[in-house]
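First up is the structure itself, then whatever we jot down about it.
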Amino acid sequence: MSSTVDKSEQRVREMFGEISPRYDFLNHFLSGGTDYYWRWRTVRTVAPEGDEPILDVCTGTGDLAISYWNKSQQTTEVVGTDFTHNMLHLANGKKAKQLQKSSAAEPAALQFLEADTQELPFESNQFQIVSVAFGLRNVTDTKRGLNEMIRVCIPGGRVAVLEFSLPKNRILKALYLFYFKNILPKIGQLLARNKQSAYNYLPESVHQFPYGQQLADIMESCGLEQVKWKQLTFGIATLYYGRKPK
């Protein structure tokens with residue numbers, strides 16, 4: 001039986017700070033580029049519905065936040081939050097490039113702020129969509145993070161969680177776990193050396209994190225309604241989404 005993975009705030013912050021220079025490259029390389037598709041599906045399945053702003057927590061280098069900004073044709077304010085300063089530095093670099101090539105006459109604000117998902121610095125009922133991509137399992141207290149996401153969402157708004165999961169098919173699951181446990185950590189550590197064993201942490205955190213109906217049930221227990229979930233790429237990732245009661 002494996003021991004519980006260390007998800008303390010200090011370890012997670014240091015770990016992502018150390019791997020930040022190679023983070024985007026390794027995401028694309030180790031996923032075979034499917035991470036682009038997963039974000040594409042997310043912003044279309046849980047698409048903007050009004051003028052209220054959108055919040056992406058655990059935003060990392062800002063890819064999902066930027067995807068939402070572009071999906072709204074740069075007319076909806078989007079905020080990305082993360083508690084790792086190095087990640088936000090990279091996100092702001094991407095923001096500058098997006099603004100340079102923007103075709104909108106007056107593009108809506110796209111901003112990145114340093115904040116812990118367990119204690120968001122926003123008043124309640126602010127955002128039409130509150131999203132998180134591959135970050136919820138890194139939050140020390142999953143329910144506390146979800147409750148904060150729901151708190152800042154407007155009544156009738158939606159919370160979207162894109163997260164790694166395990167395939168249902170036994171053969172695919174076995175192959176995936178072999179790659180995840182034996183190959184990915186070695187490649188990741190070789191290309192992004194770090195003291196926190198980030199690419200051992202990744203498979204450990206995925207294996208121990210709830211997925212499928214179990215995570216959907218947790219989201220409902222935190223107060224969301226109409227919770228649905230869709231498996232992506234044979235179940236390697238899953239998109240969960242629900243509405244905050246009006």
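Each chain in the structure tokens gets a letter, A, B, ..., in the order shown, and its residues are numbered from 1; ligands are numbered from 1 in order too.
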
Residues at most 8 Å from Glu225 in chain A, counting only C-alpha atoms, excluding those fewer than 2 positions away in the same chain, as an MDAnalysis selection string?
chainID A and resid 220 223 227 242:245

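DSSP secondary structure from the backbone places Cys153, Ile154, Pro155, Gly156, Gly157, Arg158, Val159, Ala160, Val161, Leu162, Glu163 and Phe164 of chain A of range 139-189 of chain A in strand (DSSP E).
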
For Arg44 in chain A, list every protein, DNA or RNA residue within 10 Å, evaluated using only C-alpha atoms, and leave out those in the same chain fewer than 4 positions away; present the list as a ChimeraX atom specification.
/A:39-40,48,67-68,71

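Residue neighbourhood of Lys168 in chain A, excluding near-sequence residues (fewer than 3 positions): Ile171, Leu172, Lys173, Phe234 and Gly235 of chain A, at 9 Å, using only C-alpha atoms.
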
Hey, can you spit out that residue selection with C-alpha atoms as a PDB file, in the first residue's frame?
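Dumped everything to part27.pdb:
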```
ATOM      1  CA  ILE A 171      -5.417  -3.286 -20.792  1.00  0.00           C
ATOM      2  CA  LEU A 172      -5.220   0.464 -21.438  1.00  0.00           C
ATOM      3  CA  LYS A 173      -5.116   1.121 -17.711  1.00  0.00           C
ATOM      4  CA  PHE A 234      -9.809   6.932 -23.395  1.00  0.00           C
ATOM      5  CA  GLY A 235     -10.161   8.236 -19.841  1.00  0.00           C
TER       6      GLY A 235
END
```

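Residues in contact range of Val12 in chain A, defined as at most 9 Å between only C-alpha atoms, with sequence neighbours fewer than 2 positions away removed, read Asp6, Lys7, Ser8, Glu9, Gln10, Glu14, Met15, Phe16, Gly17, Thr84, Asn138, Val139, Thr140, Gln196 and Ala198 of chain A.
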
Expected file contents, prior selection, N, CA and C atoms, as a PDB file, in the first residue's frame:
```pdb
ATOM      1  N   ASP A   6       2.624  13.682  -0.347  1.00  0.00           N
ATOM      2  CA  ASP A   6       2.796  14.959   0.355  1.00  0.00           C
ATOM      3  C   ASP A   6       2.310  16.097  -0.537  1.00  0.00           C
ATOM      4  N   LYS A   7       1.172  16.707  -0.155  1.00  0.00           N
ATOM      5  CA  LYS A   7       0.621  17.831  -0.914  1.00  0.00           C
ATOM      6  C   LYS A   7       0.651  19.113  -0.088  1.00  0.00           C
ATOM      7  N   SER A   8       1.618  19.232   0.805  1.00  0.00           N
ATOM      8  CA  SER A   8       1.716  20.443   1.604  1.00  0.00           C
ATOM      9  C   SER A   8       1.965  21.641   0.699  1.00  0.00           C
ATOM     10  N   GLU A   9       1.451  22.794   1.118  1.00  0.00           N
ATOM     11  CA  GLU A   9       1.587  23.999   0.303  1.00  0.00           C
ATOM     12  C   GLU A   9       3.043  24.302  -0.024  1.00  0.00           C
ATOM     13  N   GLN A  10       3.921  24.137   0.965  1.00  0.00           N
ATOM     14  CA  GLN A  10       5.336  24.460   0.748  1.00  0.00           C
ATOM     15  C   GLN A  10       5.946  23.545  -0.307  1.00  0.00           C
ATOM     16  N   GLU A  14       7.260  24.891  -4.006  1.00  0.00           N
ATOM     17  CA  GLU A  14       8.667  24.725  -4.358  1.00  0.00           C
ATOM     18  C   GLU A  14       8.828  23.837  -5.593  1.00  0.00           C
ATOM     19  N   MET A  15       8.048  22.778  -5.660  1.00  0.00           N
ATOM     20  CA  MET A  15       8.153  21.834  -6.763  1.00  0.00           C
ATOM     21  C   MET A  15       7.833  22.492  -8.097  1.00  0.00           C
ATOM     22  N   PHE A  16       6.703  23.191  -8.153  1.00  0.00           N
ATOM     23  CA  PHE A  16       6.326  23.831  -9.415  1.00  0.00           C
ATOM     24  C   PHE A  16       7.215  25.026  -9.735  1.00  0.00           C
ATOM     25  N   GLY A  17       7.750  25.665  -8.705  1.00  0.00           N
ATOM     26  CA  GLY A  17       8.709  26.729  -8.960  1.00  0.00           C
ATOM     27  C   GLY A  17       9.962  26.193  -9.624  1.00  0.00           C
ATOM     28  N   THR A  84       2.280  30.001  -7.185  1.00  0.00           N
ATOM     29  CA  THR A  84       3.690  29.835  -7.536  1.00  0.00           C
ATOM     30  C   THR A  84       4.137  31.021  -8.392  1.00  0.00           C
ATOM     31  N   ASN A 138      -3.614  19.036  -6.678  1.00  0.00           N
ATOM     32  CA  ASN A 138      -2.459  19.606  -5.983  1.00  0.00           C
ATOM     33  C   ASN A 138      -2.861  20.483  -4.810  1.00  0.00           C
ATOM     34  N   VAL A 139      -4.157  20.780  -4.684  1.00  0.00           N
ATOM     35  CA  VAL A 139      -4.647  21.587  -3.564  1.00  0.00           C
ATOM     36  C   VAL A 139      -4.658  20.709  -2.316  1.00  0.00           C
ATOM     37  N   THR A 140      -4.068  21.195  -1.243  1.00  0.00           N
ATOM     38  CA  THR A 140      -3.918  20.389  -0.035  1.00  0.00           C
ATOM     39  C   THR A 140      -5.249  19.831   0.449  1.00  0.00           C
ATOM     40  N   GLN A 196      12.328  18.108  -5.632  1.00  0.00           N
ATOM     41  CA  GLN A 196      11.062  17.643  -5.071  1.00  0.00           C
ATOM     42  C   GLN A 196      10.495  16.401  -5.772  1.00  0.00           C
ATOM     43  N   ALA A 198       9.298  15.926  -8.786  1.00  0.00           N
ATOM     44  CA  ALA A 198       7.997  16.330  -9.325  1.00  0.00           C
ATOM     45  C   ALA A 198       7.360  15.261 -10.190  1.00  0.00           C
TER      46      ALA A 198
END
```

The distance between CA of Leu215 in chain A and CA of Ile129 in chain A is 18.6 Å

Can you work out which one of A:Ile187, A:Gly135, A:Gln100, A:Phe83 has the shortest atom-to-atom distance to Phe29 in chain A, counting only C-alpha atoms?
A:Ile187
